[in-house]
Structure formats: structure tokens, C-alpha cells
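Structure file upload-v5.pdb (PDB, C-alpha atoms) is printed below.
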```
MODEL        1
ATOM      1  CA  MET A   1       0.118 -14.940  20.018
ATOM      2  CA  ASN A   2      -2.001 -11.814  19.548
ATOM      3  CA  ALA A   3       1.048  -9.618  20.093
ATOM      4  CA  LEU A   4       2.851 -11.415  17.266
ATOM      5  CA  PHE A   5      -0.036 -10.801  14.869
ATOM      6  CA  ASP A   6      -0.218  -7.166  15.950
ATOM      7  CA  LEU A   7       3.506  -6.800  15.253
ATOM      8  CA  ILE A   8       3.174  -8.404  11.820
ATOM      9  CA  LEU A   9       0.227  -6.165  10.973
ATOM     10  CA  ALA A  10       2.145  -3.084  12.134
ATOM     11  CA  ILE A  11       5.130  -4.021   9.961
ATOM     12  CA  LEU A  12       2.866  -4.601   6.959
ATOM     13  CA  GLY A  13       1.203  -1.228   7.572
ATOM     14  CA  LEU A  14       4.557   0.542   7.738
ATOM     15  CA  TYR A  15       5.710  -1.198   4.570
ATOM     16  CA  ARG A  16       2.514  -0.101   2.840
ATOM     17  CA  LEU A  17       3.271   3.482   3.896
ATOM     18  CA  VAL A  18       6.834   3.246   2.555
ATOM     19  CA  LEU A  19       5.460   1.875  -0.712
ATOM     20  CA  ILE A  20       3.038   4.807  -1.018
ATOM     21  CA  ILE A  21       5.854   7.278  -0.311
ATOM     22  CA  THR A  22       7.976   5.625  -3.004
ATOM     23  CA  ILE A  23       5.158   5.795  -5.544
ATOM     24  CA  VAL A  24       4.357   9.443  -4.829
ATOM     25  CA  MET A  25       8.027  10.451  -4.892
ATOM     26  CA  SER A  26       8.556   8.735  -8.261
ATOM     27  CA  TRP A  27       5.604  10.699  -9.672
ATOM     28  CA  LEU A  28       6.976  13.936  -8.231
ATOM     29  CA  PHE A  29      10.378  13.223  -9.802
ATOM     30  CA  THR A  30       8.768  12.465 -13.148
ATOM     31  CA  PHE A  31       6.769  15.694 -13.225
ATOM     32  CA  GLY A  32       9.665  17.796 -11.905
ATOM     33  CA  VAL A  33       7.912  18.862  -8.723
ATOM     34  CA  ILE A  34      10.784  17.929  -6.413
ATOM     35  CA  ASN A  35      14.502  17.884  -7.048
ATOM     36  CA  GLN A  36      16.065  14.485  -6.504
ATOM     37  CA  TYR A  37      19.470  16.101  -5.955
ATOM     38  CA  ASN A  38      18.297  17.725  -2.714
ATOM     39  CA  GLN A  39      20.025  15.963   0.201
ATOM     40  CA  VAL A  40      16.900  15.331   2.257
ATOM     41  CA  VAL A  41      14.869  14.156  -0.730
ATOM     42  CA  SER A  42      17.736  11.948  -1.878
ATOM     43  CA  ALA A  43      18.096  10.377   1.569
ATOM     44  CA  ILE A  44      14.364   9.613   1.804
ATOM     45  CA  TRP A  45      14.380   8.206  -1.730
ATOM     46  CA  GLN A  46      17.374   5.961  -1.014
ATOM     47  CA  VAL A  47      15.801   4.527   2.154
ATOM     48  CA  CYS A  48      12.460   3.916   0.453
ATOM     49  CA  THR A  49      14.113   2.370  -2.594
ATOM     50  CA  LYS A  50      16.278   0.053  -0.502
ATOM     51  CA  LEU A  51      13.185  -1.131   1.364
ATOM     52  CA  THR A  52      10.936  -1.641  -1.662
ATOM     53  CA  GLU A  53      13.219  -2.755  -4.507
ATOM     54  CA  PRO A  54      13.952  -6.281  -3.193
ATOM     55  CA  ILE A  55      10.230  -7.048  -3.415
ATOM     56  CA  LEU A  56       9.383  -4.997  -6.508
ATOM     57  CA  ARG A  57      12.260  -6.219  -8.719
ATOM     58  CA  PRO A  58      11.160  -9.895  -8.993
ATOM     59  CA  ILE A  59       7.614  -8.787  -9.796
ATOM     60  CA  ARG A  60       8.903  -6.423 -12.497
ATOM     61  CA  ASN A  61      10.865  -9.300 -14.017
ATOM     62  CA  VAL A  62       7.692 -11.403 -14.294
ATOM     63  CA  LEU A  63       5.318  -8.692 -15.560
ATOM     64  CA  PRO A  64       5.307  -7.899 -19.278
ATOM     65  CA  SER A  65       6.438  -4.454 -20.400
ATOM     66  CA  MET A  66       3.591  -1.961 -20.237
ATOM     67  CA  GLY A  67       5.265   0.916 -22.061
ATOM     68  CA  GLY A  68       6.684   2.737 -19.061
ATOM     69  CA  LEU A  69       3.799   1.901 -16.734
ATOM     70  CA  ASP A  70       5.005   0.039 -13.639
ATOM     71  CA  LEU A  71       2.272  -2.044 -12.036
ATOM     72  CA  SER A  72       4.507  -3.859  -9.557
ATOM     73  CA  PRO A  73       3.821  -1.447  -6.641
ATOM     74  CA  LEU A  74       0.101  -1.944  -7.178
ATOM     75  CA  ILE A  75       0.494  -5.722  -7.045
ATOM     76  CA  VAL A  76       2.555  -5.507  -3.847
ATOM     77  CA  PHE A  77       0.068  -3.063  -2.310
ATOM     78  CA  PHE A  78      -2.867  -5.392  -2.967
ATOM     79  CA  GLY A  79      -0.781  -8.332  -1.766
ATOM     80  CA  ILE A  80      -0.189  -6.555   1.541
ATOM     81  CA  LEU A  81      -3.904  -5.789   1.863
ATOM     82  CA  PHE A  82      -4.664  -9.456   1.183
ATOM     83  CA  LEU A  83      -2.154 -10.604   3.823
ATOM     84  CA  GLU A  84      -3.551  -8.190   6.392
ATOM     85  CA  SER A  85      -7.071  -9.400   5.700
ATOM     86  CA  LEU A  86      -5.984 -13.022   5.860
ATOM     87  CA  ILE A  87      -4.288 -12.500   9.218
ATOM     88  CA  ARG A  88      -7.181 -10.527  10.721
ATOM     89  CA  LYS A  89     -10.065 -12.664   9.528
ATOM     90  CA  ASP A  90      -8.696 -16.185   9.160
ATOM     91  CA  ILE A  91      -5.414 -16.848  10.922
ATOM     92  CA  ALA A  92      -5.706 -14.864  14.157
ATOM     93  CA  PRO A  93      -9.250 -16.014  15.056
ATOM     94  CA  ALA A  94      -8.350 -19.638  14.323
ATOM     95  CA  LEU A  95      -5.429 -19.558  16.764
ATOM     96  CA  THR A  96      -7.157 -17.763  19.641
TER      97      THR A  96
ENDMDL
END
```

Could you spell out this file's structure in C-alpha cells?
Amino acid sequence: MNALFDLILAILGLYRLVLIITIVMSWLFTFGVINQYNQVVSAIWQVCTKLTEPILRPIRNVLPSMGGLDLSPLIVFFGILFLESLIRKDIAPALT
């Protein structure tokens, strides 16, 4: 059972990393630091977007408009941290 929790925590950690990459890349696009028409940048952006959008889109639909400020990645990030904490401190010890 421990291996299953370790796998879930690893997946959540990787998803958190992809979310951070997506956030940083969107800032870099906005400020013109990187060119989104570069093949490598475009490929990374497409992969990150395809992984994060299915979770971010429903949250964006629920949140009110903040004038161009997107808080959905922050909500997902804290949700992942909460899940990781819940698994480490409550679920895993209860089942071992």
C-alpha cells in the first residue's frame, strides 16, 4: 500500500512541476521574454497546456473575472499541496 501512496505523491509532485512551468511560461510570453513560435518552446507549451487545461478550465468557469488575473493555477497548486499533506499525514498512517 505504501508503494501506491508513493506513486500518487510522485504524480502529484510532477503535476505541480508542470503547473509551475505553465505559469512561468505564460509570464514569459506576456512580457515577451520568449518567443512562442519557437518549435521547442511551442512543443513544451502544448504539452503543459494539454496536461493542465482540463483541471484549470472548470475552475476558471467558477471563479469571477479578476480583470486579466488568473487565480486558477494558484487554487490547483494549493489543492495539490493539501492532497499531498492529507495523504502523508492522515491517509497513509491510518492504513499502515

Listed atoms of range 33-42 of chain A boxed axis-aligned with 4 Å per side, centre + edges as lines of an AutoDock Vina configuration file:
```
center_x = 14.0
center_y = 15.4
center_z = -3.2
size_x = 20.1
size_y = 14.9
size_z = 19.0
```

_Close residues, Pro93 in chain A itself excluded, 10 Å, all atoms listed in the file, min 5 positions apart in chain, as a count of residues only_ = 3

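Here CA of Leu51 in chain A is placed at a distance of 20.0 Å from CA of Asn38 in chain A.
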
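Applied to this file, the PyMOL selection byres ((chain A and resi 8) around 12) selects the residues Met1, Asn2, Ala3, Leu4, Phe5, Asp6, Leu7, Leu9, Ala10, Ile11, Leu12, Gly13, Leu14, Tyr15, Ile80, Leu83, Glu84, Ser85, Leu86, Ile87, Arg88 and Ala92 of chain A.
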
_Here's the selection I'm unsure about, the PyMOL selection byres ((chain A and resi 45-49) around 10); applied to the file above, which residues does it give, as a PyMOL selection string?_
chain A and resi 15+17-23+25-26+36+39-44+50-54+56

Please fill the gaps in range 11-46 of chain A so it has N, CA and C atoms, and write that as a CSV table (one decimal), in the frame of the given file.
```
chain,number,residue,atom,x,y,z
A,11,ILE,N,4.0,-4.0,10.9
A,11,ILE,CA,5.1,-4.0,10.0
A,11,ILE,C,4.6,-3.9,8.5
A,12,LEU,N,3.5,-4.7,8.3
A,12,LEU,CA,2.9,-4.6,7.0
A,12,LEU,C,2.3,-3.2,6.7
A,13,GLY,N,1.7,-2.6,7.7
A,13,GLY,CA,1.2,-1.2,7.6
A,13,GLY,C,2.3,-0.2,7.3
A,14,LEU,N,3.4,-0.4,8.0
A,14,LEU,CA,4.6,0.5,7.7
A,14,LEU,C,5.1,0.3,6.3
A,15,TYR,N,5.2,-0.9,5.9
A,15,TYR,CA,5.7,-1.2,4.6
A,15,TYR,C,4.8,-0.6,3.5
A,16,ARG,N,3.5,-0.7,3.8
A,16,ARG,CA,2.5,-0.1,2.8
A,16,ARG,C,2.7,1.4,2.7
A,17,LEU,N,3.0,2.0,3.9
A,17,LEU,CA,3.3,3.5,3.9
A,17,LEU,C,4.5,3.8,3.1
A,18,VAL,N,5.6,3.0,3.3
A,18,VAL,CA,6.8,3.2,2.6
A,18,VAL,C,6.6,3.1,1.1
A,19,LEU,N,5.8,2.1,0.7
A,19,LEU,CA,5.5,1.9,-0.7
A,19,LEU,C,4.7,3.1,-1.3
A,20,ILE,N,3.8,3.6,-0.6
A,20,ILE,CA,3.0,4.8,-1.0
A,20,ILE,C,4.0,6.0,-1.2
A,21,ILE,N,4.9,6.2,-0.2
A,21,ILE,CA,5.9,7.3,-0.3
A,21,ILE,C,6.7,7.1,-1.6
A,22,THR,N,7.2,5.9,-1.8
A,22,THR,CA,8.0,5.6,-3.0
A,22,THR,C,7.2,5.9,-4.3
A,23,ILE,N,6.0,5.5,-4.4
A,23,ILE,CA,5.2,5.8,-5.5
A,23,ILE,C,5.0,7.3,-5.8
A,24,VAL,N,4.6,8.0,-4.7
A,24,VAL,CA,4.4,9.4,-4.8
A,24,VAL,C,5.7,10.2,-5.2
A,25,MET,N,6.8,9.8,-4.6
A,25,MET,CA,8.0,10.5,-4.9
A,25,MET,C,8.4,10.2,-6.3
A,26,SER,N,8.2,9.0,-6.9
A,26,SER,CA,8.6,8.7,-8.3
A,26,SER,C,7.7,9.6,-9.2
A,27,TRP,N,6.4,9.8,-8.9
A,27,TRP,CA,5.6,10.7,-9.7
A,27,TRP,C,6.1,12.1,-9.6
A,28,LEU,N,6.5,12.6,-8.4
A,28,LEU,CA,7.0,13.9,-8.2
A,28,LEU,C,8.3,14.2,-9.0
A,29,PHE,N,9.2,13.1,-9.0
A,29,PHE,CA,10.4,13.2,-9.8
A,29,PHE,C,10.1,13.3,-11.3
A,30,THR,N,9.1,12.5,-11.7
A,30,THR,CA,8.8,12.5,-13.1
A,30,THR,C,8.2,13.8,-13.6
A,31,PHE,N,7.4,14.4,-12.8
A,31,PHE,CA,6.8,15.7,-13.2
A,31,PHE,C,7.6,16.9,-12.8
A,32,GLY,N,8.8,16.7,-12.2
A,32,GLY,CA,9.7,17.8,-11.9
A,32,GLY,C,9.2,18.7,-10.7
A,33,VAL,N,8.4,18.1,-9.9
A,33,VAL,CA,7.9,18.9,-8.7
A,33,VAL,C,9.0,19.0,-7.6
A,34,ILE,N,9.7,17.9,-7.4
A,34,ILE,CA,10.8,17.9,-6.4
A,34,ILE,C,12.1,17.6,-7.1
A,35,ASN,N,13.2,18.1,-6.5
A,35,ASN,CA,14.5,17.9,-7.0
A,35,ASN,C,15.2,16.7,-6.3
A,36,GLN,N,15.5,15.7,-7.1
A,36,GLN,CA,16.1,14.5,-6.5
A,36,GLN,C,17.5,14.7,-6.1
A,37,TYR,N,18.1,15.8,-6.4
A,37,TYR,CA,19.5,16.1,-6.0
A,37,TYR,C,19.5,16.8,-4.6
A,38,ASN,N,18.4,17.2,-4.1
A,38,ASN,CA,18.3,17.7,-2.7
A,38,ASN,C,18.7,16.6,-1.7
A,39,GLN,N,19.5,17.0,-0.7
A,39,GLN,CA,20.0,16.0,0.2
A,39,GLN,C,18.9,15.2,1.0
A,40,VAL,N,18.0,16.0,1.5
A,40,VAL,CA,16.9,15.3,2.3
A,40,VAL,C,16.1,14.4,1.4
A,41,VAL,N,15.7,14.9,0.2
A,41,VAL,CA,14.9,14.2,-0.7
A,41,VAL,C,15.6,12.9,-1.2
A,42,SER,N,16.9,13.1,-1.5
A,42,SER,CA,17.7,11.9,-1.9
A,42,SER,C,17.9,10.9,-0.8
A,43,ALA,N,18.0,11.3,0.5
A,43,ALA,CA,18.1,10.4,1.6
A,43,ALA,C,16.8,9.6,1.7
A,44,ILE,N,15.7,10.3,1.7
A,44,ILE,CA,14.4,9.6,1.8
A,44,ILE,C,14.2,8.6,0.7
A,45,TRP,N,14.5,9.1,-0.6
A,45,TRP,CA,14.4,8.2,-1.7
A,45,TRP,C,15.3,7.0,-1.6
A,46,GLN,N,16.5,7.1,-1.1
A,46,GLN,CA,17.4,6.0,-1.0
A,46,GLN,C,16.8,5.0,0.0
```
